[in-house]
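> Next comes query06.cif, mmCIF, C-alpha atoms and all ligand atoms:
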```cif
data_start
#
loop_
_atom_site.label_atom_id
_atom_site.label_comp_id
_atom_site.auth_asym_id
_atom_site.auth_seq_id
_atom_site.Cartn_x
_atom_site.Cartn_y
_atom_site.Cartn_z
CA MET A 457 24.58 15.66 3.65
CA TYR A 458 20.96 16.57 3.05
CA THR A 459 18.34 14.03 1.99
CA THR A 460 16.65 15.42 -1.11
CA THR A 461 13.20 14.67 -2.50
CA ILE A 462 10.52 16.27 -4.69
CA ALA A 463 6.93 17.24 -3.92
CA GLY A 464 5.57 14.65 -6.33
CA SER A 465 4.48 15.27 -9.90
CA LEU A 466 6.60 15.73 -13.02
CA PRO A 467 5.60 16.56 -16.62
CA LYS A 468 4.16 13.83 -18.78
CA PRO A 469 6.31 13.10 -21.85
CA SER A 470 4.68 14.46 -25.02
CA TRP A 471 3.96 10.96 -26.31
CA LEU A 472 1.90 10.19 -23.18
CA ALA A 473 -0.17 13.37 -22.78
CA GLN A 474 -0.21 16.93 -24.07
CA PRO A 475 2.67 18.79 -22.41
CA GLU A 476 2.40 21.92 -20.28
CA LYS A 477 -1.24 21.31 -19.48
CA LEU A 478 -2.81 20.34 -16.15
CA TRP A 479 -5.05 17.29 -16.35
CA ALA A 480 -4.20 16.74 -20.02
CA PRO A 481 -6.01 13.74 -21.50
CA TRP A 482 -3.93 10.66 -22.37
CA ARG A 483 -2.62 10.16 -25.89
CA LEU A 484 -2.62 6.38 -25.58
CA GLU A 485 -5.21 3.89 -24.43
CA GLY A 486 -5.60 0.39 -23.06
CA GLU A 487 -2.45 -1.70 -22.73
CA GLU A 488 -0.45 0.87 -24.70
CA LEU A 489 -1.35 3.47 -22.10
CA ALA A 490 -0.33 1.21 -19.22
CA GLN A 491 3.00 0.51 -20.94
CA GLY A 492 3.48 4.21 -21.68
CA GLN A 493 2.89 5.13 -18.05
CA ARG A 494 5.42 2.57 -16.87
CA ASP A 495 7.96 3.81 -19.42
CA ALA A 496 7.44 7.42 -18.35
CA ALA A 497 7.87 6.48 -14.68
CA LEU A 498 11.15 4.71 -15.53
CA VAL A 499 12.43 7.78 -17.37
CA TRP A 500 11.69 10.08 -14.46
CA MET A 501 12.96 7.83 -11.69
CA SER A 502 16.17 7.51 -13.65
CA GLU A 503 16.38 11.30 -14.16
CA GLU A 504 15.78 11.88 -10.45
CA GLU A 505 18.48 9.42 -9.46
CA ALA A 506 20.91 10.98 -11.94
CA ALA A 507 20.19 14.39 -10.44
CA GLY A 508 21.05 13.09 -6.99
CA ILE A 509 17.51 13.04 -5.59
CA ASP A 510 17.53 10.58 -2.68
CA ILE A 511 13.81 9.88 -2.27
CA VAL A 512 12.23 9.66 -5.72
CA THR A 513 8.64 9.55 -6.92
CA ASN A 514 7.20 8.17 -10.14
CA GLY A 515 6.27 11.72 -11.13
CA GLU A 516 2.58 10.75 -10.89
CA GLN A 517 2.77 9.42 -14.45
CA PHE A 518 -0.12 7.04 -13.79
CA ARG A 519 -2.78 9.65 -12.97
CA GLU A 520 -4.42 12.59 -14.71
CA HIS A 521 -5.63 14.32 -11.56
CA PHE A 522 -4.25 13.98 -8.06
CA VAL A 523 -7.65 13.58 -6.40
CA HIS A 524 -9.80 11.95 -9.08
CA GLY A 525 -7.07 9.38 -9.75
CA PHE A 526 -7.91 7.93 -6.33
CA LEU A 527 -11.67 8.55 -6.36
CA LYS A 528 -12.13 6.65 -9.63
CA HIS A 529 -11.58 3.46 -7.63
CA VAL A 530 -14.04 4.28 -4.86
CA SER A 531 -17.67 3.11 -4.67
CA GLY A 532 -20.39 5.40 -3.34
CA ILE A 533 -19.55 8.15 -5.84
CA ASP A 534 -21.87 9.07 -8.70
CA TRP A 535 -19.78 10.34 -11.64
CA GLU A 536 -22.93 11.06 -13.68
CA ARG A 537 -24.22 13.39 -11.00
CA MET A 538 -21.81 16.30 -11.41
CA THR A 539 -22.25 19.24 -9.06
CA THR A 540 -20.76 22.68 -9.71
CA MET A 541 -18.87 23.60 -6.58
CA GLY A 542 -16.68 26.50 -5.49
CA ILE A 543 -13.32 24.87 -4.81
CA ARG A 544 -10.84 26.11 -2.16
CA ASP A 545 -13.35 28.55 -0.63
CA ASN A 546 -14.72 29.57 -4.05
CA ARG A 547 -11.35 30.34 -5.60
CA TYR A 548 -12.59 28.55 -8.70
CA ASP A 549 -15.66 26.61 -9.80
CA ALA A 550 -15.37 23.02 -10.87
CA ASP A 551 -17.80 20.30 -11.87
CA VAL A 552 -17.22 17.58 -9.33
CA PRO A 553 -18.73 14.13 -8.79
CA THR A 554 -21.14 13.55 -5.93
CA VAL A 555 -20.97 11.18 -2.96
CA THR A 556 -24.33 9.43 -2.86
CA GLY A 557 -23.66 6.55 -0.44
CA PRO A 558 -21.09 5.14 1.99
CA VAL A 559 -17.66 5.19 0.32
CA SER A 560 -15.56 2.05 0.00
CA ARG A 561 -12.47 1.05 -1.99
CA GLN A 562 -13.15 -1.31 -4.88
CA GLY A 563 -9.70 -2.84 -4.39
CA SER A 564 -6.12 -1.67 -4.56
CA VAL A 565 -5.86 1.70 -6.32
CA HIS A 566 -2.11 2.12 -6.77
CA GLY A 567 -0.66 -1.28 -5.83
CA GLU A 568 0.32 -2.32 -9.33
CA GLU A 569 2.18 0.88 -10.22
CA VAL A 570 3.91 0.96 -6.84
CA ALA A 571 5.08 -2.66 -7.08
CA PHE A 572 6.45 -1.89 -10.55
CA CYS A 573 8.26 1.26 -9.45
CA ARG A 574 9.64 -0.39 -6.31
CA ARG A 575 11.24 -3.10 -8.45
CA HIS A 576 12.88 -0.50 -10.66
CA THR A 577 14.62 1.83 -8.25
CA LYS A 578 17.04 1.30 -5.41
CA ALA A 579 16.53 4.87 -4.22
CA GLY A 580 14.08 5.74 -1.48
CA PHE A 581 10.58 5.74 -2.94
CA LYS A 582 7.82 8.12 -1.98
CA PHE A 583 4.18 7.83 -2.97
CA THR A 584 1.64 10.64 -2.83
CA LEU A 585 -2.05 10.34 -2.01
CA PRO A 586 -4.63 13.12 -1.75
CA GLY A 587 -5.37 14.13 1.84
CA PRO A 588 -8.87 13.60 3.26
CA MET A 589 -9.65 17.31 3.62
CA THR A 590 -8.61 18.07 0.05
CA ILE A 591 -10.70 15.15 -1.21
CA CYS A 592 -13.71 16.63 0.59
CA ASP A 593 -13.03 19.96 -1.08
CA THR A 594 -13.02 18.30 -4.49
CA ILE A 595 -16.25 16.32 -4.29
CA ALA A 596 -19.90 17.16 -3.47
CA ASP A 597 -21.65 15.47 -0.57
CA ALA A 598 -25.21 14.18 -0.79
CA HIS A 599 -24.76 11.47 1.84
CA TYR A 600 -22.68 12.28 4.93
CA GLY A 601 -24.10 15.70 5.81
CA ARG A 602 -20.99 16.89 7.64
CA ARG A 603 -17.66 17.42 5.91
CA ALA A 604 -15.83 16.13 8.96
CA ASP A 605 -17.72 12.82 8.76
CA MET A 606 -17.06 12.47 5.05
CA ALA A 607 -13.37 13.23 5.65
CA MET A 608 -13.13 10.46 8.25
CA ALA A 609 -14.75 8.00 5.84
CA PHE A 610 -12.20 8.86 3.15
CA ALA A 611 -9.38 8.78 5.71
CA GLU A 612 -10.28 5.15 6.44
CA LEU A 613 -9.99 4.25 2.73
CA LEU A 614 -6.71 6.14 2.41
CA ASN A 615 -5.39 4.25 5.40
CA GLN A 616 -6.25 0.88 3.85
CA GLU A 617 -4.48 1.91 0.66
CA ALA A 618 -1.47 3.38 2.50
CA ARG A 619 -0.95 0.19 4.52
CA GLU A 620 -0.92 -1.89 1.35
CA LEU A 621 1.56 0.46 -0.30
CA GLU A 622 3.79 0.36 2.76
CA ALA A 623 3.79 -3.43 2.56
CA LEU A 624 5.00 -3.12 -1.06
CA GLY A 625 8.09 -1.25 0.13
CA VAL A 626 7.17 2.44 -0.06
CA ASP A 627 9.51 4.47 2.17
CA VAL A 628 7.40 7.62 2.49
CA ILE A 629 3.64 8.08 2.14
CA GLN A 630 2.76 11.71 1.52
CA PHE A 631 -0.72 13.16 1.76
CA ASP A 632 -1.32 16.27 -0.35
CA GLU A 633 -3.42 18.83 1.50
CA PRO A 634 -3.53 22.09 -0.49
CA ALA A 635 -6.85 22.79 1.28
CA PHE A 636 -4.96 23.20 4.56
CA ASN A 637 -4.20 26.91 4.12
CA VAL A 638 -7.76 27.75 3.08
CA PHE A 639 -9.86 26.33 5.91
CA MET A 640 -7.61 26.96 8.88
CA ARG A 641 -10.30 26.47 11.52
CA ASP A 642 -11.43 23.17 10.01
CA VAL A 643 -7.80 22.03 9.89
CA ASN A 644 -7.55 22.39 13.65
CA GLU A 645 -11.04 21.03 14.33
CA TRP A 646 -10.90 17.90 12.18
CA GLY A 647 -8.42 18.19 9.30
CA ILE A 648 -5.41 16.98 11.25
CA ALA A 649 -7.43 14.28 12.99
CA ALA A 650 -8.51 13.00 9.54
CA LEU A 651 -4.91 13.15 8.31
CA GLU A 652 -3.69 11.17 11.31
CA LYS A 653 -6.39 8.59 10.71
CA ALA A 654 -5.20 8.23 7.11
CA ALA A 655 -1.67 7.63 8.43
CA GLU A 656 -2.67 5.46 11.39
CA GLY A 657 -0.45 2.46 12.10
CA LEU A 658 2.04 3.20 9.31
CA LYS A 659 5.63 2.37 10.13
CA CYS A 660 7.12 4.06 7.07
CA ARG A 661 7.72 7.81 7.14
CA THR A 662 4.61 9.92 6.66
CA ALA A 663 4.42 13.39 5.16
CA VAL A 664 1.97 16.15 4.38
CA HIS A 665 2.35 18.57 1.48
CA ILE A 666 0.56 21.86 2.02
CA CYS A 667 0.77 24.56 -0.58
CA TYR A 668 -0.57 27.60 -2.31
CA GLY A 669 -1.14 25.74 -5.54
CA TYR A 670 0.33 25.54 -9.04
CA GLY A 671 1.09 28.72 -10.93
CA ILE A 672 -2.32 28.70 -12.68
CA GLN A 673 -4.15 32.00 -13.12
CA GLN A 674 -6.84 31.46 -10.44
CA ASN A 675 -4.12 30.73 -7.90
CA LEU A 676 -2.02 33.73 -8.96
CA ASP A 677 -5.09 36.00 -8.59
CA TRP A 678 -5.85 34.53 -5.17
CA LYS A 679 -2.26 35.00 -4.03
CA GLU A 680 -2.56 38.71 -4.90
CA THR A 681 -5.27 39.01 -2.22
CA LEU A 682 -3.15 37.45 0.52
CA GLY A 683 -0.92 40.45 1.19
CA SER A 684 2.85 40.70 1.21
CA GLU A 685 3.35 38.02 3.89
CA TRP A 686 1.50 34.73 3.86
CA ARG A 687 1.09 33.88 7.52
CA GLN A 688 -1.83 31.40 7.23
CA TYR A 689 0.43 28.58 8.38
CA GLU A 690 0.96 30.25 11.73
CA GLU A 691 -2.52 29.08 12.71
CA ILE A 692 -2.00 25.42 11.82
CA PHE A 693 1.70 24.67 12.37
CA PRO A 694 1.40 24.18 16.13
CA ALA A 695 -1.20 21.45 15.58
CA ILE A 696 0.78 19.89 12.73
CA ASN A 697 3.88 19.89 14.92
CA ALA A 698 1.92 18.08 17.64
CA SER A 699 0.61 15.49 15.13
CA ARG A 700 2.13 12.08 14.38
CA ILE A 701 2.99 13.05 10.78
CA ASN A 702 6.80 13.01 10.33
CA GLN A 703 7.43 15.46 7.49
CA VAL A 704 5.94 18.71 6.21
CA SER A 705 6.44 19.93 2.64
CA LEU A 706 6.39 23.70 2.09
CA GLU A 707 7.07 26.21 -0.65
CA CYS A 708 10.02 28.37 0.33
CA ALA A 709 11.50 29.47 -3.03
CA ASN A 710 10.22 32.92 -4.13
CA SER A 711 7.48 32.47 -1.58
CA ARG A 712 5.77 35.05 0.55
CA VAL A 713 5.56 32.53 3.38
CA PRO A 714 8.00 33.99 5.92
CA MET A 715 10.78 31.43 6.40
CA SER A 716 10.69 32.06 10.15
CA LEU A 717 7.36 30.16 10.34
CA ILE A 718 9.19 26.84 9.94
CA GLY A 719 10.47 27.50 13.45
CA LEU A 720 6.97 26.44 14.54
CA LEU A 721 7.82 22.88 13.39
CA PRO A 722 10.65 21.96 15.78
CA ASP A 723 9.69 18.27 15.91
CA LYS A 724 9.23 17.68 12.16
CA GLN A 725 11.41 17.13 9.16
CA VAL A 726 10.70 20.01 6.80
CA MET A 727 10.77 19.50 3.05
CA VAL A 728 12.06 22.93 2.18
CA GLY A 729 10.82 23.92 -1.28
CA ALA A 730 13.88 25.37 -2.97
CA ILE A 731 12.61 25.09 -6.55
CA ASP A 732 9.92 27.52 -7.74
CA VAL A 733 7.44 25.61 -9.89
CA ALA A 734 5.90 28.82 -11.28
CA SER A 735 9.11 30.21 -12.79
CA PHE A 736 10.17 29.34 -16.31
CA GLU A 737 13.85 29.49 -15.58
CA ALA A 738 15.87 26.79 -13.88
CA GLU A 739 17.37 27.82 -10.57
CA THR A 740 21.13 27.91 -10.16
CA PRO A 741 22.65 25.59 -7.52
CA GLU A 742 23.63 28.77 -5.64
CA GLN A 743 20.00 29.92 -5.48
CA VAL A 744 18.90 26.52 -4.16
CA ALA A 745 21.70 26.52 -1.59
CA ALA A 746 20.68 30.03 -0.46
CA VAL A 747 17.14 28.85 0.34
CA ILE A 748 18.49 25.86 2.26
CA ARG A 749 20.86 28.09 4.25
CA GLU A 750 18.02 30.50 5.01
CA ALA A 751 15.93 27.60 6.36
CA GLY A 752 18.92 26.61 8.48
CA LYS A 753 18.52 29.83 10.45
CA TYR A 754 15.25 28.55 11.92
CA ILE A 755 15.54 24.75 12.15
CA ALA A 756 18.37 22.28 12.63
CA SER A 757 20.07 21.13 9.44
CA GLU A 758 19.09 17.51 10.28
CA GLN A 759 15.46 18.60 9.91
CA ILE A 760 15.92 20.01 6.40
CA MET A 761 15.03 18.00 3.30
CA PRO A 762 15.61 20.08 0.14
CA CYS A 763 12.59 19.69 -2.14
CA THR A 764 10.52 21.41 -4.85
CA ASN A 765 7.83 23.92 -3.87
CA CYS A 766 5.08 21.81 -5.41
CA GLY A 767 4.50 19.46 -8.33
CA MET A 768 6.22 20.24 -11.63
CA VAL A 769 3.59 18.70 -13.92
CA PRO A 770 2.69 21.94 -15.78
CA LEU A 771 6.30 22.72 -16.73
CA PRO A 772 8.09 21.90 -19.99
CA ARG A 773 9.87 18.57 -19.62
CA ASP A 774 13.41 19.84 -20.21
CA LEU A 775 12.87 22.65 -17.71
CA ALA A 776 11.67 20.21 -15.03
CA GLN A 777 14.76 18.12 -15.72
CA ARG A 778 17.06 21.11 -15.28
CA LYS A 779 15.25 22.05 -12.06
CA LEU A 780 15.83 18.52 -10.72
CA GLU A 781 19.53 18.89 -11.48
CA ALA A 782 19.62 22.30 -9.76
CA LEU A 783 17.96 20.82 -6.69
CA GLY A 784 20.48 18.01 -6.38
CA ALA A 785 23.46 20.27 -7.07
CA GLY A 786 22.19 23.00 -4.73
CA ALA A 787 21.72 20.56 -1.88
CA ARG A 788 25.28 19.26 -2.34
CA LEU A 789 26.57 22.83 -2.40
CA ALA A 790 24.68 23.75 0.78
CA SER A 791 25.98 20.68 2.59
CA GLN A 792 29.59 21.59 1.74
CA SER A 793 29.19 24.94 3.47
CA ASN A 794 27.56 23.49 6.58
ZN ZN B 801 1.50 21.78 -4.05
#
```
Before we go any further, please render this structure as structure tokens.
Ligand code: ZN


Amino acid sequence: MYTTTIAGSLPKPSWLAQPEKLWAPWRLEGEELAQGQRDAALVWMSEEEAAGIDIVTNGEQFREHFVHGFLKHVSGIDWERMTTMGIRDNRYDADVPTVTGPVSRQGSVHGEEVAFCRRHTKAGFKFTLPGPMTICDTIADAHYGRRADMAMAFAELLNQEARELEALGVDVIQFDEPAFNVFMRDVNEWGIAALEKAAEGLKCRTAVHICYGYGIQQNLDWKETLGSEWRQYEEIFPAINASRINQVSLECANSRVPMSLIGLLPDKQVMVGAIDVASFEAETPEQVAAVIREAGKYIASEQIMPCTNCGMVPLPRDLAQRKLEALGAGARLASQSN
């Protein structure tokens, strides 16, 4: 039987934020917002469990943006001093805050939401944090001078946070590193070292999610330039396989990443993305099972964790729900034919 999980995010209910929009502003505020976020997390954890997902997340219902949600609680960042920066090697421009001094955590960032979610599910619980390299690609530096140094500073803060979350009963801490297929040389030079520092000393399972991004236009345009086979991972998988991180999350459904590349991860659990988050049709269980079986040609079935390609936050809510069900059903189907 496969252990199933999801990459992380799920759509916000329409009463919490505008649907089908990335980084949509909240529709509630103050205590009403906090209550709304908890309610939304309960809905999704319950939906995940009903779909047969073994390791659930709270769907990231407590944050607008996967990086800024963490950075908002960090000192040393000037949010008034916005710098326009080319993100992901100039794939798109964004106005980002600026690091103007040594960074430090102002206190627990996610402790409260994690304690709440832990109390409300008996399933395995995974929590996602932004990876240090991706943080550095989402913020301007006017203090550290070298990206590698800034990454190590953030890795230290992530590690403090991760240890506290582990103590609250989180089963898997996942670091999201979409920057990992953009700066391949940096990944090998310092990206993995920073990731390992973020995960240092953790006894729970640790994971990294690397990906080619949501189905937004800038990403779709960029993907057109990558050719018919996306082999970027070939350059970084050997180092990831040698790292202390336990699990690697990849997009495998309708992906141009050749499935054979997962053979470069013989010592890892692989979260095999079997749900396409850029398609507006729910997969059939047969389609999900086909992706899992294809992965089984290159790694042992014990290594395979059926998963979504990426976060589902931009999708319509009912579609995300049907995709969860397809994932659970497809994994059960694939395990029957093992
Ligand atoms: Zn992703």

> Choose the residue, out of A:Lys528, A:Arg687, A:Arg700, A:Lys753, that has the smallest atom-to-atom separation from Glu656 (chain A); count all atoms listed in the file.

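Nearest to Glu656 (chain A): A:Arg700.
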
> Write out as a PDB file with C-alpha atoms, keeping the file's coordinate frame each polymer residue (protein, DNA or RNA) that has an atom no more than 10 Å from ligand ZN 801 (chain B), with all atoms listed in the file counted.


```
ATOM      1  CA  ALA A 463       6.930  17.240  -3.920  1.00  0.00           C
ATOM      2  CA  GLY A 464       5.570  14.650  -6.330  1.00  0.00           C
ATOM      3  CA  SER A 465       4.480  15.270  -9.900  1.00  0.00           C
ATOM      4  CA  ASP A 632      -1.320  16.270  -0.350  1.00  0.00           C
ATOM      5  CA  GLU A 633      -3.420  18.830   1.500  1.00  0.00           C
ATOM      6  CA  PRO A 634      -3.530  22.090  -0.490  1.00  0.00           C
ATOM      7  CA  ALA A 635      -6.850  22.790   1.280  1.00  0.00           C
ATOM      8  CA  HIS A 665       2.350  18.570   1.480  1.00  0.00           C
ATOM      9  CA  ILE A 666       0.560  21.860   2.020  1.00  0.00           C
ATOM     10  CA  CYS A 667       0.770  24.560  -0.580  1.00  0.00           C
ATOM     11  CA  TYR A 668      -0.570  27.600  -2.310  1.00  0.00           C
ATOM     12  CA  GLY A 669      -1.140  25.740  -5.540  1.00  0.00           C
ATOM     13  CA  TYR A 670       0.330  25.540  -9.040  1.00  0.00           C
ATOM     14  CA  GLY A 671       1.090  28.720 -10.930  1.00  0.00           C
ATOM     15  CA  SER A 705       6.440  19.930   2.640  1.00  0.00           C
ATOM     16  CA  LEU A 706       6.390  23.700   2.090  1.00  0.00           C
ATOM     17  CA  GLU A 707       7.070  26.210  -0.650  1.00  0.00           C
ATOM     18  CA  GLY A 729      10.820  23.920  -1.280  1.00  0.00           C
ATOM     19  CA  VAL A 733       7.440  25.610  -9.890  1.00  0.00           C
ATOM     20  CA  THR A 764      10.520  21.410  -4.850  1.00  0.00           C
ATOM     21  CA  ASN A 765       7.830  23.920  -3.870  1.00  0.00           C
ATOM     22  CA  CYS A 766       5.080  21.810  -5.410  1.00  0.00           C
ATOM     23  CA  GLY A 767       4.500  19.460  -8.330  1.00  0.00           C
ATOM     24  CA  MET A 768       6.220  20.240 -11.630  1.00  0.00           C
TER      25      MET A 768
END
```

> Using 8 Å as the limit and counting only C-alpha atoms, can you tabulate each residue of region 634-753 of chain A that touches region 579-590 of chain A, with its shortest atom-to-atom distance in Å and the two atoms involved, as a tab-separated table?


```
residue	atom	partner	partner_atom	distance
A:Pro634	CA	A:Thr590	CA	6.5
A:Ala635	CA	A:Thr590	CA	5.2
A:Phe636	CA	A:Met589	CA	7.6
A:Gly647	CA	A:Met589	CA	5.9
A:Ala650	CA	A:Pro588	CA	6.3
A:Leu651	CA	A:Pro588	CA	6.4
A:Ala654	CA	A:Pro588	CA	7.6
```

> Counting all atoms listed in the file, which residues sit no farther than 9 Å from the position (-4.8, 26.6, 12.5) in the file's frame? I'd like them as a PDB file with C-alpha atoms, keeping the file's coordinate frame.


```
ATOM      1  CA  PHE A 636      -4.960  23.200   4.560  1.00  0.00           C
ATOM      2  CA  ASN A 637      -4.200  26.910   4.120  1.00  0.00           C
ATOM      3  CA  PHE A 639      -9.860  26.330   5.910  1.00  0.00           C
ATOM      4  CA  MET A 640      -7.610  26.960   8.880  1.00  0.00           C
ATOM      5  CA  ARG A 641     -10.300  26.470  11.520  1.00  0.00           C
ATOM      6  CA  ASP A 642     -11.430  23.170  10.010  1.00  0.00           C
ATOM      7  CA  VAL A 643      -7.800  22.030   9.890  1.00  0.00           C
ATOM      8  CA  ASN A 644      -7.550  22.390  13.650  1.00  0.00           C
ATOM      9  CA  GLU A 645     -11.040  21.030  14.330  1.00  0.00           C
ATOM     10  CA  GLN A 688      -1.830  31.400   7.230  1.00  0.00           C
ATOM     11  CA  TYR A 689       0.430  28.580   8.380  1.00  0.00           C
ATOM     12  CA  GLU A 690       0.960  30.250  11.730  1.00  0.00           C
ATOM     13  CA  GLU A 691      -2.520  29.080  12.710  1.00  0.00           C
ATOM     14  CA  ILE A 692      -2.000  25.420  11.820  1.00  0.00           C
ATOM     15  CA  PHE A 693       1.700  24.670  12.370  1.00  0.00           C
ATOM     16  CA  PRO A 694       1.400  24.180  16.130  1.00  0.00           C
ATOM     17  CA  ALA A 695      -1.200  21.450  15.580  1.00  0.00           C
ATOM     18  CA  ILE A 696       0.780  19.890  12.730  1.00  0.00           C
TER      19      ILE A 696
END
```

> Quick one: residues within 9 Å of Gln759 (chain A), only C-alpha atoms, excluding same-chain residues fewer than 3 positions away - as number ranges by chain?

A: 703, 722-727, 752, 755-756

> Just give me the residues with any atom within 7 Å of (9.1, 3.0, -9.1), file coordinates, counting only C-alpha atoms, written as a list in words.

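Applying the cut-off with only C-alpha atoms, one gets Ala497, Leu498, Met501, Thr513, Asn514, Val570, Phe572, Cys573, Arg574, Arg575, His576, Thr577 and Phe581 of chain A.
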
> Do you know which residues are at most 9 Å from Glu617 (chain A) counting only C-alpha atoms, after dropping those on the same chain fewer than 6 positions away, and could you put them as a VMD selection string?

chain A and resid 561 563 to 567

> Do you have the CA of Pro481 (chain A)-CA of Lys468 (chain A) distance handy?

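Calculated distance between CA of Pro481 (chain A) and CA of Lys468 (chain A) is 10.5 Å.
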
> Rank A:Trp646, A:Cys660, A:Leu621, A:Arg712 by their smallest atom-to-atom distance to Ala604 (chain A), using only C-alpha atoms, and report the top residue only.

A:Trp646

> For each of A:Ser699, A:Thr460, A:Val555, A:Leu527, take the minimum atom-to-atom distance to Ile731 (chain A), counting all atoms listed in the file, then give the residue where this is smallest.

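Ranking A:Ser699, A:Thr460, A:Val555, A:Leu527 by distance to Ile731 (chain A), first place goes to A:Thr460.
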
> Can you tell me how far CA of Gly492 (chain A) sits from CA of Asp534 (chain A), in Å to one decimal?

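Separation between CA of Gly492 (chain A) and CA of Asp534 (chain A): 28.9 Å.
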
> Might you pull out every residue within 9 Å of Tyr548 (chain A), with all atoms listed in the file counted and same-chain residues fewer than 6 positions away left off, and present them as a PyMOL selection string?

chain A and resi 541-542+674-675

> If you count only C-alpha atoms, which residues fall within 12 Å of Ser757 (chain A), apart from same-chain ones fewer than 5 positions away, as a list in words?

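Counting only C-alpha atoms, the residues come to Met457, Tyr458, Thr459, Pro722, Lys724, Gln725, Val726, Met727, Val728, Ile748, Arg749, Glu750, Ala751, Gly752, Pro762, Ala787, Ala790, Ser791, Ser793 and Asn794 of chain A.
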
> Of the candidates A:Trp479, A:Phe610, A:Trp500, A:Trp686, which shows the shortest atom-to-atom distance to Val530 (chain A), using all atoms listed in the file?

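Of A:Trp479, A:Phe610, A:Trp500, A:Trp686, the one nearest Val530 (chain A), counting all atoms listed in the file, is A:Phe610.
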